[in-house]
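Source file: run_25.csv; contents: CSV, C-alpha atoms (C1' of nucleotides).
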chain,number,residue,atom,x,y,z
R,651,MET,CA,-9.4,4.4,166.5
R,652,ALA,CA,-7.8,1.4,164.9
R,653,LEU,CA,-5.2,-0.5,166.9
R,654,ALA,CA,-2.3,0.1,164.6
R,655,THR,CA,-2.7,3.2,162.5
R,656,LYS,CA,0.9,3.8,161.5
R,657,LYS,CA,2.2,2.9,158.0
R,658,ILE,CA,-0.8,2.0,155.8
R,659,PRO,CA,1.2,0.6,152.9
R,660,SER,CA,0.2,2.6,149.9
R,661,ALA,CA,-3.6,2.4,150.1
R,662,LYS,CA,-3.8,4.6,147.0
R,663,LEU,CA,-1.6,2.3,145.0
R,664,ARG,CA,-3.7,-0.7,146.0
R,665,SER,CA,-6.9,1.0,145.1
R,666,ALA,CA,-5.7,1.7,141.6
R,667,ALA,CA,-5.9,-2.0,140.7
R,668,PHE,CA,-9.5,-2.2,141.8
R,669,LYS,CA,-10.4,1.0,139.9
R,670,ARG,CA,-8.9,-0.6,136.8
R,671,VAL,CA,-11.0,-3.7,137.3
R,672,ARG,CA,-14.2,-1.6,137.7
R,673,ALA,CA,-13.3,0.3,134.6
R,674,ASP,CA,-12.7,-2.9,132.7
R,675,HIS,CA,-16.1,-4.2,133.7
R,676,SER,CA,-18.0,-1.2,132.3
R,677,ALA,CA,-16.1,-1.5,129.0
R,678,GLU,CA,-16.5,-5.3,128.9
R,679,LEU,CA,-20.1,-5.6,127.9
R,680,ALA,CA,-19.6,-3.1,125.0
R,681,GLY,CA,-16.6,-5.1,123.9
R,682,ASP,CA,-18.5,-8.4,123.9
R,683,TYR,CA,-21.4,-6.9,122.0
R,684,VAL,CA,-19.4,-5.3,119.2
R,685,GLU,CA,-17.2,-8.4,118.8
R,686,MET,CA,-20.3,-10.5,118.5
R,687,ILE,CA,-22.0,-8.2,116.1
R,688,ALA,CA,-18.8,-8.2,114.0
R,689,ASP,CA,-18.8,-12.0,114.0
R,690,LEU,CA,-22.5,-12.2,113.0
R,691,ILE,CA,-22.0,-9.8,110.1
R,692,ASP,CA,-19.0,-11.8,108.9
R,693,GLU,CA,-20.7,-15.1,109.3
R,694,ARG,CA,-24.2,-14.4,108.2
R,695,GLY,CA,-24.2,-11.0,106.5
R,696,GLU,CA,-26.1,-9.2,109.2
R,697,ALA,CA,-26.4,-8.9,112.9
R,698,ARG,CA,-29.8,-9.3,114.5
R,699,CYS,CA,-31.1,-8.8,118.0
R,700,THR,CA,-32.3,-12.4,118.4
R,701,ASP,CA,-29.0,-13.9,117.4
R,702,ILE,CA,-27.1,-11.7,119.9
R,703,ALA,CA,-29.5,-12.6,122.6
R,704,MET,CA,-29.2,-16.3,121.9
R,705,ARG,CA,-25.4,-16.3,121.9
R,706,LEU,CA,-25.1,-14.2,125.0
R,707,GLY,CA,-27.8,-16.2,126.8
R,708,VAL,CA,-29.9,-13.2,127.8
R,709,ALA,CA,-33.4,-12.0,127.0
R,710,ASN,CA,-34.2,-10.1,123.9
R,711,ALA,CA,-35.3,-7.0,125.7
R,712,THR,CA,-31.9,-6.9,127.5
R,713,VAL,CA,-30.2,-6.8,124.1
R,714,VAL,CA,-32.4,-4.0,122.9
R,715,LYS,CA,-31.6,-1.9,126.0
R,716,THR,CA,-27.9,-2.4,125.7
R,717,LEU,CA,-27.9,-1.6,122.0
R,718,LYS,CA,-29.4,1.8,122.9
R,719,ARG,CA,-26.4,2.4,125.1
R,720,LEU,CA,-24.0,1.3,122.3
R,721,GLN,CA,-25.8,3.7,120.0
R,722,SER,CA,-25.3,6.5,122.4
R,723,ALA,CA,-21.7,5.6,122.6
R,724,GLU,CA,-21.5,5.7,118.8
R,725,LEU,CA,-20.4,2.1,118.5
R,726,ILE,CA,-23.3,1.0,116.4
R,727,THR,CA,-26.0,2.4,114.1
R,728,GLN,CA,-29.5,1.0,113.9
R,729,GLU,CA,-33.0,1.7,112.6
R,730,PRO,CA,-36.1,0.4,114.2
R,731,TYR,CA,-36.9,-3.2,113.2
R,732,ARG,CA,-33.7,-3.4,111.1
R,733,ALA,CA,-30.3,-5.1,111.3
R,734,ILE,CA,-27.5,-3.6,113.3
R,735,PHE,CA,-24.3,-2.0,111.9
R,736,LEU,CA,-21.0,-1.1,113.5
R,737,THR,CA,-19.6,2.4,113.2
R,738,VAL,CA,-15.9,2.9,112.4
R,739,GLU,CA,-15.3,3.1,116.1
R,740,GLY,CA,-17.2,0.0,116.6
R,741,TRP,CA,-15.2,-2.0,114.1
R,742,LYS,CA,-12.0,-0.8,115.6
R,743,MET,CA,-13.1,-2.0,119.0
R,744,ALA,CA,-14.3,-5.3,117.6
R,745,GLU,CA,-11.0,-5.9,115.8
R,746,ASP,CA,-9.1,-5.1,119.0
R,747,GLY,CA,-11.2,-7.4,121.0
R,748,ARG,CA,-10.8,-10.2,118.5
R,749,ARG,CA,-7.1,-9.8,118.4
R,750,LYS,CA,-6.9,-9.9,122.2
R,751,HIS,CA,-9.3,-12.8,122.5
R,752,ALA,CA,-7.4,-14.9,119.9
R,753,ILE,CA,-4.1,-14.4,121.7
R,754,VAL,CA,-5.5,-15.2,125.1
R,755,GLU,CA,-7.3,-18.3,123.8
R,756,LYS,CA,-4.2,-19.6,122.0
R,757,PHE,CA,-2.1,-18.8,124.9
R,758,LEU,CA,-4.3,-20.9,127.3
R,759,LEU,CA,-4.2,-23.8,124.8
R,760,ALA,CA,-0.4,-23.6,124.6
R,761,LEU,CA,-0.4,-23.6,128.4
R,762,GLY,CA,-2.0,-27.0,128.2
R,763,VAL,CA,-5.7,-26.6,129.1
R,764,SER,CA,-8.5,-28.1,127.0
R,765,GLN,CA,-10.1,-26.5,124.0
R,766,GLU,CA,-13.2,-26.1,126.0
R,767,THR,CA,-11.5,-24.4,129.0
R,768,ALA,CA,-9.5,-22.1,126.8
R,769,ARG,CA,-12.7,-21.0,125.1
R,770,ILE,CA,-14.5,-20.3,128.3
R,771,ASP,CA,-11.7,-18.8,130.4
R,772,SER,CA,-10.5,-16.6,127.6
R,773,GLU,CA,-13.9,-15.0,127.5
R,774,GLY,CA,-13.5,-13.8,131.1
R,775,ILE,CA,-9.8,-13.1,131.0
R,776,GLU,CA,-9.5,-11.1,127.8
R,777,HIS,CA,-10.9,-7.9,129.3
R,778,HIS,CA,-8.5,-7.8,132.2
R,779,VAL,CA,-5.2,-8.3,130.3
R,780,SER,CA,-3.0,-5.3,129.9
R,781,THR,CA,-0.9,-4.7,126.8
R,782,ASP,CA,2.1,-5.7,128.8
R,783,THR,CA,0.7,-9.1,129.7
R,784,LEU,CA,-0.7,-9.5,126.2
R,785,ARG,CA,2.8,-9.0,124.8
R,786,ALA,CA,4.3,-11.5,127.2
R,787,MET,CA,1.6,-14.0,126.1
R,788,GLY,CA,2.6,-13.3,122.5
R,789,LYS,CA,6.2,-14.0,123.2
R,790,PHE,CA,5.4,-17.2,125.0
R,791,LEU,CA,3.4,-18.3,121.9
R,792,ALA,CA,6.3,-17.4,119.6
R,793,ARG,CA,8.6,-19.6,121.8
R,794,ASN,CA,6.1,-22.4,122.0
R,795,GLY,CA,4.9,-22.6,118.4
R,796,GLY,CA,1.7,-20.7,118.6
N,1340,MET,CA,-36.3,-13.6,108.8
N,1341,ALA,CA,-32.5,-13.5,108.7
N,1342,LEU,CA,-30.7,-14.3,105.5
N,1343,ALA,CA,-29.1,-17.5,106.6
N,1344,THR,CA,-31.0,-19.2,109.4
N,1345,LYS,CA,-29.7,-22.7,108.9
N,1346,LYS,CA,-27.1,-24.2,111.3
N,1347,ILE,CA,-26.5,-21.8,114.1
N,1348,PRO,CA,-23.3,-23.3,115.4
N,1349,SER,CA,-24.0,-24.2,119.0
N,1350,ALA,CA,-25.5,-21.0,120.3
N,1351,LYS,CA,-26.2,-22.7,123.6
N,1352,LEU,CA,-22.5,-23.7,124.0
N,1353,ARG,CA,-21.4,-20.2,123.2
N,1354,SER,CA,-23.7,-18.6,125.7
N,1355,ALA,CA,-22.4,-20.8,128.5
N,1356,ALA,CA,-19.1,-18.9,128.4
N,1357,PHE,CA,-20.9,-15.6,128.8
N,1358,LYS,CA,-23.1,-17.0,131.6
N,1359,ARG,CA,-20.0,-18.0,133.4
N,1360,VAL,CA,-18.5,-14.5,133.1
N,1361,ARG,CA,-21.7,-12.9,134.4
N,1362,ALA,CA,-21.7,-15.4,137.3
N,1363,ASP,CA,-18.1,-14.7,138.0
N,1364,HIS,CA,-18.8,-11.0,138.2
N,1365,SER,CA,-21.4,-11.3,140.9
N,1366,ALA,CA,-19.1,-13.4,143.0
N,1367,GLU,CA,-16.2,-11.2,142.4
N,1368,LEU,CA,-17.0,-8.3,144.6
N,1369,ALA,CA,-17.7,-10.6,147.6
N,1370,GLY,CA,-14.4,-12.3,147.0
N,1371,ASP,CA,-12.5,-9.0,146.9
N,1372,TYR,CA,-14.2,-7.9,150.1
N,1373,VAL,CA,-13.5,-11.0,152.2
N,1374,GLU,CA,-10.0,-11.2,150.9
N,1375,MET,CA,-9.4,-7.6,151.9
N,1376,ILE,CA,-11.0,-8.1,155.3
N,1377,ALA,CA,-8.8,-11.1,156.0
N,1378,ASP,CA,-5.7,-9.1,155.0
N,1379,LEU,CA,-6.8,-6.2,157.3
N,1380,ILE,CA,-7.4,-8.6,160.2
N,1381,ASP,CA,-4.0,-10.2,159.8
N,1382,GLU,CA,-2.2,-7.0,159.3
N,1383,ARG,CA,-3.8,-4.8,161.8
N,1384,GLY,CA,-5.9,-7.0,164.1
N,1385,GLU,CA,-9.2,-5.7,162.9
N,1386,ALA,CA,-11.0,-4.7,159.7
N,1387,ARG,CA,-12.8,-1.4,159.5
N,1388,CYS,CA,-15.0,0.3,157.0
N,1389,THR,CA,-12.8,3.2,156.3
N,1390,ASP,CA,-9.7,1.0,155.5
N,1391,ILE,CA,-11.7,-1.1,153.1
N,1392,ALA,CA,-13.1,2.0,151.4
N,1393,MET,CA,-9.6,3.4,151.1
N,1394,ARG,CA,-8.1,0.3,149.7
N,1395,LEU,CA,-10.9,-0.3,147.2
N,1396,GLY,CA,-11.0,3.3,146.2
N,1397,VAL,CA,-14.8,3.7,146.8
N,1398,ALA,CA,-16.9,5.8,149.2
N,1399,ASN,CA,-17.6,4.7,152.7
N,1400,ALA,CA,-21.3,4.4,152.2
N,1401,THR,CA,-20.7,2.0,149.3
N,1402,VAL,CA,-18.8,-0.2,151.6
N,1403,VAL,CA,-21.5,-0.1,154.3
N,1404,LYS,CA,-24.1,-1.2,151.7
N,1405,THR,CA,-22.0,-4.0,150.4
N,1406,LEU,CA,-21.2,-5.3,153.9
N,1407,LYS,CA,-25.0,-5.6,154.4
N,1408,ARG,CA,-25.1,-8.0,151.5
N,1409,LEU,CA,-22.1,-9.9,152.7
N,1410,GLN,CA,-23.8,-10.3,156.1
N,1411,SER,CA,-27.0,-11.6,154.4
N,1412,ALA,CA,-24.8,-14.1,152.6
N,1413,GLU,CA,-23.3,-15.1,155.9
N,1414,LEU,CA,-19.8,-14.3,154.9
N,1415,ILE,CA,-19.2,-11.7,157.7
N,1416,THR,CA,-20.6,-10.7,161.0
N,1417,GLN,CA,-20.9,-7.1,162.3
N,1418,GLU,CA,-22.4,-5.0,165.0
N,1419,PRO,CA,-23.2,-1.3,164.5
N,1420,TYR,CA,-20.2,0.9,164.9
N,1421,ARG,CA,-17.9,-2.1,165.5
N,1422,ALA,CA,-15.2,-3.9,163.5
N,1423,ILE,CA,-16.0,-6.6,160.9
N,1424,PHE,CA,-15.4,-10.3,161.4
N,1425,LEU,CA,-15.4,-13.2,158.9
N,1426,THR,CA,-17.6,-16.2,159.4
N,1427,VAL,CA,-16.1,-19.7,158.8
N,1428,GLU,CA,-17.5,-19.5,155.3
N,1429,GLY,CA,-16.0,-16.1,154.9
N,1430,TRP,CA,-12.5,-17.3,155.9
N,1431,LYS,CA,-12.8,-20.2,153.5
N,1432,MET,CA,-13.6,-17.9,150.6
N,1433,ALA,CA,-10.8,-15.5,151.6
N,1434,GLU,CA,-8.2,-18.3,151.8
N,1435,ASP,CA,-9.4,-19.6,148.4
N,1436,GLY,CA,-9.1,-16.2,146.9
N,1437,ARG,CA,-5.7,-15.6,148.3
N,1438,ARG,CA,-4.4,-18.9,147.0
N,1439,LYS,CA,-5.8,-18.2,143.5
N,1440,HIS,CA,-4.5,-14.6,143.6
N,1441,ALA,CA,-1.0,-15.7,144.6
N,1442,ILE,CA,-0.8,-18.3,141.8
N,1443,VAL,CA,-2.0,-15.9,139.2
N,1444,GLU,CA,0.3,-13.1,140.3
N,1445,LYS,CA,3.4,-15.4,140.5
N,1446,PHE,CA,2.5,-16.9,137.1
N,1447,LEU,CA,2.3,-13.5,135.5
N,1448,LEU,CA,5.7,-12.6,137.0
N,1449,ALA,CA,7.2,-15.8,135.7
N,1450,LEU,CA,5.7,-15.0,132.3
N,1451,GLY,CA,7.9,-11.9,132.3
N,1452,VAL,CA,5.7,-8.9,133.1
N,1453,SER,CA,6.7,-6.3,135.7
N,1454,GLN,CA,5.8,-6.5,139.4
N,1455,GLU,CA,3.4,-3.6,138.9
N,1456,THR,CA,1.6,-5.2,135.9
N,1457,ALA,CA,1.4,-8.6,137.7
N,1458,ARG,CA,-0.2,-7.0,140.7
N,1459,ILE,CA,-2.8,-5.1,138.7
N,1460,ASP,CA,-3.7,-7.7,136.1
N,1461,SER,CA,-3.9,-10.5,138.6
N,1462,GLU,CA,-6.6,-8.6,140.4
N,1463,GLY,CA,-8.8,-8.7,137.4
N,1464,ILE,CA,-7.9,-12.1,136.1
N,1465,GLU,CA,-8.1,-14.2,139.3
N,1466,HIS,CA,-11.9,-14.3,139.3
N,1467,HIS,CA,-12.1,-15.7,135.7
N,1468,VAL,CA,-9.6,-18.5,136.0
N,1469,SER,CA,-11.0,-22.0,136.2
N,1470,THR,CA,-9.4,-24.7,138.3
N,1471,ASP,CA,-8.2,-26.2,135.1
N,1472,THR,CA,-6.3,-23.1,134.1
N,1473,LEU,CA,-5.1,-22.6,137.6
N,1474,ARG,CA,-3.6,-26.0,137.6
N,1475,ALA,CA,-1.9,-25.3,134.3
N,1476,MET,CA,-0.4,-22.2,135.8
N,1477,GLY,CA,0.8,-24.1,138.7
N,1478,LYS,CA,2.6,-26.6,136.5
N,1479,PHE,CA,4.2,-23.8,134.6
N,1480,LEU,CA,5.4,-22.3,137.8
N,1481,ALA,CA,6.8,-25.7,138.9
N,1482,ARG,CA,8.7,-26.0,135.6
N,1483,ASN,CA,10.0,-22.4,135.7
N,1484,GLY,CA,11.0,-22.1,139.3
N,1485,GLY,CA,8.0,-20.4,140.9
A,1405,DA,C1',-16.7,14.6,182.3
A,1406,DC,C1',-17.1,17.0,178.0
A,1407,DC,C1',-16.4,18.2,173.3
A,1408,DA,C1',-14.4,17.9,168.9
A,1409,DA,C1',-12.8,14.9,165.5
A,1410,DA,C1',-13.0,10.6,163.4
A,1411,DG,C1',-15.6,6.9,162.1
A,1412,DT,C1',-20.2,4.8,160.9
A,1413,DT,C1',-24.7,4.7,159.3
A,1414,DT,C1',-29.0,6.4,156.8
A,1415,DA,C1',-31.4,8.5,153.1
A,1416,DG,C1',-31.9,9.5,148.6
A,1417,DC,C1',-30.2,9.5,144.0
A,1418,DA,C1',-28.1,7.5,139.5
A,1419,DT,C1',-26.7,4.0,136.2
A,1420,DA,C1',-26.0,-0.6,134.5
A,1421,DG,C1',-27.7,-4.8,133.4
A,1422,DG,C1',-31.0,-8.4,134.1
A,1423,DC,C1',-36.1,-10.1,133.7
A,1424,DT,C1',-41.4,-10.8,131.9
A,1425,DA,C1',-45.4,-9.4,129.7
A,1426,DA,C1',-47.7,-7.0,126.3
A,1427,DG,C1',-47.8,-4.4,122.1
A,1428,DT,C1',-46.0,-3.4,117.2
A,1429,DT,C1',-43.9,-4.3,112.7
A,1430,DA,C1',-42.1,-7.3,108.9
A,1431,DT,C1',-42.3,-11.1,106.2
A,1432,DA,C1',-43.0,-15.8,104.4
A,1433,DT,C1',-46.4,-18.7,102.8
A,1434,DG,C1',-50.8,-20.4,101.8
J,1140,DC,C1',-52.7,-10.5,99.1
J,1141,DA,C1',-54.0,-11.6,103.8
J,1142,DT,C1',-52.5,-13.3,107.7
J,1143,DA,C1',-49.9,-16.1,111.0
J,1144,DT,C1',-45.5,-16.2,112.9
J,1145,DA,C1',-41.3,-14.5,113.9
J,1146,DA,C1',-38.7,-10.5,115.2
J,1147,DC,C1',-38.5,-6.3,117.4
J,1148,DT,C1',-39.9,-2.7,120.9
J,1149,DT,C1',-41.9,-0.6,125.1
J,1150,DA,C1',-43.1,-0.5,129.8
J,1151,DG,C1',-42.3,-1.6,134.2
J,1152,DC,C1',-40.1,-4.2,137.5
J,1153,DC,C1',-35.7,-5.8,140.3
J,1154,DT,C1',-30.9,-6.0,142.1
J,1155,DA,C1',-26.1,-4.5,142.3
J,1156,DT,C1',-22.9,-1.0,142.7
J,1157,DG,C1',-21.6,3.5,142.8
J,1158,DC,C1',-22.2,8.6,144.7
J,1159,DT,C1',-23.2,12.9,148.2
J,1160,DA,C1',-25.0,14.9,152.2
J,1161,DA,C1',-26.7,14.7,156.7
J,1162,DA,C1',-27.2,12.4,161.0
J,1163,DC,C1',-25.5,9.6,164.6
J,1164,DT,C1',-21.8,7.1,167.7
J,1165,DT,C1',-17.3,6.5,169.6
J,1166,DT,C1',-13.4,8.0,171.5
J,1167,DG,C1',-9.2,10.8,172.6
J,1168,DG,C1',-7.6,14.9,174.7
J,1169,DT,C1',-8.1,18.7,177.7
Written as structure tokens, how would this file's structure read?
Amino acid sequence: MALATKKIPSAKLRSAAFKRVRADHSAELAGDYVEMIADLIDERGEARCTDIAMRLGVANATVVKTLKRLQSAELITQEPYRAIFLTVEGWKMAEDGRRKHAIVEKFLLALGVSQETARIDSEGIEHHVSTDTLRAMGKFLARNGG
Amino acid sequence: MALATKKIPSAKLRSAAFKRVRADHSAELAGDYVEMIADLIDERGEARCTDIAMRLGVANATVVKTLKRLQSAELITQEPYRAIFLTVEGWKMAEDGRRKHAIVEKFLLALGVSQETARIDSEGIEHHVSTDTLRAMGKFLARNGG
DNA sequence: ACCAAAGTTTAGCATAGGCTAAGTTATATG
DNA sequence: CATATAACTTAGCCTATGCTAAACTTTGGT
């Protein structure tokens, strides 16, 4: 038995934070993909496997596998050897991600970090920011000329 | 061939951000474990499997498996059926994590979110914050009475 | 000193997300 | 219009991170 068993301070409450982080992680990849597909469609008219792989810095086969999951999740549609399209749900998720991403990136810039750091850190942070925190960042931007 | 192949704007630069995120993720779990083990040792004199599992909200067996990896990485030491100890390297990592965590959490509070939100969001954000951004958060705290 | 309860470990399974190598399809160009 | 090249897919591998169920230690209480 442990030395001091009495009064474990809210183990359940603590664990909630970690559960949220794990949940965020599984949603994260999907978010990155749809956001990138949306960008590619806007920039170049279509989204292709190779471009996604290049931008993410992973192998082509990895993209193919992930796209299958996104198709199961009804975020994209795709025919063999053809370009990739977003479903309505996919577009919604992409727009949401872009909005979040833009706020976080601008916020970091306003905080005083370099363009480069803002770009890189926002990529990691955006998926872990609650609506509450996002709102607070928005307010900060409003005060500080975002 | 894609419609518009010319001038892919710095695909390599883009991919760097995602590579950083993926690297962060693999370091993340180790960080959470050692930080938690350090907390348990400080609070209760020893760190045990069950407590870690409870606080992380995962099954006991999952903790056991992860601890094996941490042992291979020389972050902890452990004998069968005994408590867990941190190596020097492990303590260093734990301290580093705590420092980061504390800054991020205080920063969020200073930004104006609730205690609860700060606690939860900081858990996800801390692993994706560069030293640059951390410094900027520190400065903000200094200006705003952290 | 023993036994039951609590804690720890092992075994076996699943999914996600990486990779390389080899095969298939589309297309751009000679 | 045939074919080389680029793009895509499949197959098969690996590791990380989760789970449950069953087996094994430790230990506290009688």
Find the residues of segment 1144-1167 of chain J that sit at most 12 Å from segment 1407-1421 of chain A; for each, write down the nearest two atoms and how far apart they are in Å, to one decimal. Count all atoms listed in the file. Sort by chain, then by number going up, and give it as a Markdown table.
| residue | atom | partner | partner_atom | distance |
| --- | --- | --- | --- | --- |
| J:DC1153 | C1' | A:DG1421 | C1' | 10.6 |
| J:DT1154 | C1' | A:DG1421 | C1' | 9.3 |
| J:DA1155 | C1' | A:DA1420 | C1' | 8.7 |
| J:DT1156 | C1' | A:DA1420 | C1' | 8.8 |
| J:DG1157 | C1' | A:DA1418 | C1' | 8.3 |
| J:DC1158 | C1' | A:DA1418 | C1' | 7.9 |
| J:DT1159 | C1' | A:DC1417 | C1' | 8.8 |
| J:DA1160 | C1' | A:DA1415 | C1' | 9.1 |
| J:DA1161 | C1' | A:DA1415 | C1' | 8.6 |
| J:DA1162 | C1' | A:DT1414 | C1' | 7.5 |
| J:DC1163 | C1' | A:DT1413 | C1' | 7.3 |
| J:DT1164 | C1' | A:DT1412 | C1' | 7.4 |
| J:DT1165 | C1' | A:DG1411 | C1' | 7.7 |
| J:DT1166 | C1' | A:DA1410 | C1' | 8.5 |
| J:DG1167 | C1' | A:DA1409 | C1' | 9.0 |
Residues within 9 Å of DC1423 of chain A, please, as a PyMOL selection string. Count all atoms listed in the file; anything in the same chain fewer than 6 positions from it doesn't count.
(chain R and resi 709+711-712) or (chain J and resi 1152-1153)
Only residues of chain N matter here; which ones have an atom within 7 Å of chain R, counting all atoms listed in the file? Give them as number ranges by chain.
N: 1343, 1350-1351, 1353-1354, 1356-1358, 1360, 1383, 1393-1396, 1450-1452, 1459-1460, 1462-1464, 1467-1469, 1471-1472, 1475
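For the atom pair formed by atom CA of Gly795 of chain R and atom CA of Lys756 of chain R, the distance is 10.2 Å, given to one decimal.
Across the model, the gap from atom CA of Leu1406 of chain N to atom CA of Asp1381 of chain N is 18.8 Å.
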Fitted copy of chain R on chain N, all Cα, as a short mmCIF file (atom, residue, chain, number, x, y, z; two decimals) with C-alpha atoms, in the coordinates of the input:
data_model
loop_
_atom_site.label_atom_id
_atom_site.label_comp_id
_atom_site.auth_asym_id
_atom_site.auth_seq_id
_atom_site.Cartn_x
_atom_site.Cartn_y
_atom_site.Cartn_z
CA MET R 651 -36.13 -13.52 108.44
CA ALA R 652 -32.38 -13.63 108.53
CA LEU R 653 -30.54 -14.32 105.29
CA ALA R 654 -28.93 -17.54 106.34
CA THR R 655 -30.80 -19.31 109.08
CA LYS R 656 -29.41 -22.81 108.69
CA LYS R 657 -26.75 -24.20 111.09
CA ILE R 658 -26.38 -21.77 114.02
CA PRO R 659 -23.26 -23.34 115.48
CA SER R 660 -24.12 -24.24 119.01
CA ALA R 661 -25.60 -20.97 120.28
CA LYS R 662 -26.26 -22.66 123.63
CA LEU R 663 -22.67 -23.72 124.01
CA ARG R 664 -21.47 -20.20 123.25
CA SER R 665 -23.83 -18.66 125.70
CA ALA R 666 -22.52 -20.81 128.50
CA ALA R 667 -19.21 -18.91 128.53
CA PHE R 668 -20.97 -15.60 128.92
CA LYS R 669 -23.21 -16.96 131.70
CA ARG R 670 -20.05 -18.07 133.50
CA VAL R 671 -18.57 -14.61 133.16
CA ARG R 672 -21.77 -12.98 134.55
CA ALA R 673 -21.73 -15.42 137.40
CA ASP R 674 -18.11 -14.67 138.11
CA HIS R 675 -18.84 -10.97 138.25
CA SER R 676 -21.53 -11.29 140.94
CA ALA R 677 -19.19 -13.45 143.06
CA GLU R 678 -16.20 -11.16 142.43
CA LEU R 679 -17.04 -8.27 144.66
CA ALA R 680 -17.73 -10.64 147.62
CA GLY R 681 -14.42 -12.31 146.96
CA ASP R 682 -12.50 -9.03 146.94
CA TYR R 683 -14.17 -7.86 150.12
CA VAL R 684 -13.55 -10.98 152.19
CA GLU R 685 -9.94 -11.25 150.97
CA MET R 686 -9.37 -7.68 151.96
CA ILE R 687 -11.01 -8.03 155.30
CA ALA R 688 -8.86 -11.13 155.91
CA ASP R 689 -5.74 -9.15 155.03
CA LEU R 690 -6.71 -6.23 157.33
CA ILE R 691 -7.32 -8.55 160.27
CA ASP R 692 -3.97 -10.25 159.69
CA GLU R 693 -2.12 -7.03 159.24
CA ARG R 694 -3.70 -4.77 161.76
CA GLY R 695 -5.81 -6.94 164.06
CA GLU R 696 -9.14 -5.70 162.82
CA ALA R 697 -10.98 -4.77 159.72
CA ARG R 698 -12.69 -1.41 159.54
CA CYS R 699 -15.02 0.20 157.05
CA THR R 700 -12.72 3.15 156.33
CA ASP R 701 -9.73 1.00 155.58
CA ILE R 702 -11.75 -1.14 153.11
CA ALA R 703 -13.07 1.91 151.45
CA MET R 704 -9.63 3.44 151.09
CA ARG R 705 -8.07 0.32 149.60
CA LEU R 706 -10.89 -0.32 147.21
CA GLY R 707 -11.08 3.35 146.21
CA VAL R 708 -14.80 3.73 146.84
CA ALA R 709 -16.91 5.80 149.21
CA ASN R 710 -17.57 4.76 152.72
CA ALA R 711 -21.28 4.46 152.27
CA THR R 712 -20.68 2.02 149.36
CA VAL R 713 -18.71 -0.20 151.74
CA VAL R 714 -21.44 -0.13 154.32
CA LYS R 715 -24.06 -1.18 151.73
CA THR R 716 -22.01 -4.03 150.43
CA LEU R 717 -21.20 -5.29 153.91
CA LYS R 718 -24.96 -5.63 154.49
CA ARG R 719 -25.09 -7.91 151.49
CA LEU R 720 -22.09 -9.94 152.78
CA GLN R 721 -23.89 -10.24 156.09
CA SER R 722 -26.93 -11.57 154.41
CA ALA R 723 -24.79 -14.01 152.61
CA GLU R 724 -23.28 -15.09 155.93
CA LEU R 725 -19.75 -14.18 154.93
CA ILE R 726 -19.21 -11.70 157.68
CA THR R 727 -20.56 -10.73 161.12
CA GLN R 728 -20.78 -7.17 162.35
CA GLU R 729 -22.28 -4.95 165.04
CA PRO R 730 -23.12 -1.36 164.54
CA TYR R 731 -20.10 0.95 164.90
CA ARG R 732 -17.79 -2.05 165.47
CA ALA R 733 -15.07 -3.92 163.56
CA ILE R 734 -15.94 -6.55 161.02
CA PHE R 735 -15.38 -10.33 161.38
CA LEU R 736 -15.39 -13.15 158.87
CA THR R 737 -17.57 -16.20 159.40
CA VAL R 738 -16.14 -19.68 158.77
CA GLU R 739 -17.52 -19.44 155.29
CA GLY R 740 -15.96 -16.14 154.87
CA TRP R 741 -12.50 -17.31 155.85
CA LYS R 742 -12.76 -20.23 153.53
CA MET R 743 -13.58 -17.92 150.66
CA ALA R 744 -10.81 -15.53 151.61
CA GLU R 745 -8.25 -18.34 151.78
CA ASP R 746 -9.39 -19.59 148.37
CA GLY R 747 -9.16 -16.21 146.88
CA ARG R 748 -5.71 -15.64 148.30
CA ARG R 749 -4.47 -18.91 147.02
CA LYS R 750 -5.81 -18.16 143.54
CA HIS R 751 -4.54 -14.61 143.54
CA ALA R 752 -1.00 -15.66 144.62
CA ILE R 753 -0.77 -18.23 141.84
CA VAL R 754 -2.04 -15.89 139.18
CA GLU R 755 0.28 -13.08 140.32
CA LYS R 756 3.34 -15.36 140.40
CA PHE R 757 2.40 -16.85 137.18
CA LEU R 758 2.26 -13.40 135.43
CA LEU R 759 5.67 -12.53 136.94
CA ALA R 760 7.16 -15.80 135.67
CA LEU R 761 5.65 -14.94 132.29
CA GLY R 762 7.86 -11.89 132.31
CA VAL R 763 5.65 -8.86 133.05
CA SER R 764 6.56 -6.25 135.67
CA GLN R 765 5.78 -6.45 139.34
CA GLU R 766 3.38 -3.66 138.88
CA THR R 767 1.49 -5.26 135.93
CA ALA R 768 1.30 -8.61 137.64
CA ARG R 769 -0.24 -6.94 140.67
CA ILE R 770 -2.83 -5.10 138.69
CA ASP R 771 -3.74 -7.71 136.07
CA SER R 772 -3.94 -10.48 138.60
CA GLU R 773 -6.61 -8.54 140.40
CA GLY R 774 -8.86 -8.68 137.31
CA ILE R 775 -7.87 -12.11 136.11
CA GLU R 776 -8.12 -14.13 139.30
CA HIS R 777 -11.91 -14.31 139.26
CA HIS R 778 -12.16 -15.68 135.76
CA VAL R 779 -9.63 -18.56 136.04
CA SER R 780 -11.03 -22.02 136.23
CA THR R 781 -9.43 -24.77 138.30
CA ASP R 782 -8.16 -26.26 135.11
CA THR R 783 -6.31 -23.13 134.07
CA LEU R 784 -5.17 -22.56 137.64
CA ARG R 785 -3.58 -26.02 137.62
CA ALA R 786 -1.87 -25.40 134.32
CA MET R 787 -0.49 -22.12 135.78
CA GLY R 788 0.77 -24.13 138.75
CA LYS R 789 2.55 -26.56 136.55
CA PHE R 790 4.14 -23.82 134.52
CA LEU R 791 5.44 -22.31 137.81
CA ALA R 792 6.81 -25.68 138.92
CA ARG R 793 8.69 -25.93 135.55
CA ASN R 794 9.88 -22.36 135.70
CA GLY R 795 10.98 -22.09 139.33
CA GLY R 796 8.02 -20.41 140.85
#
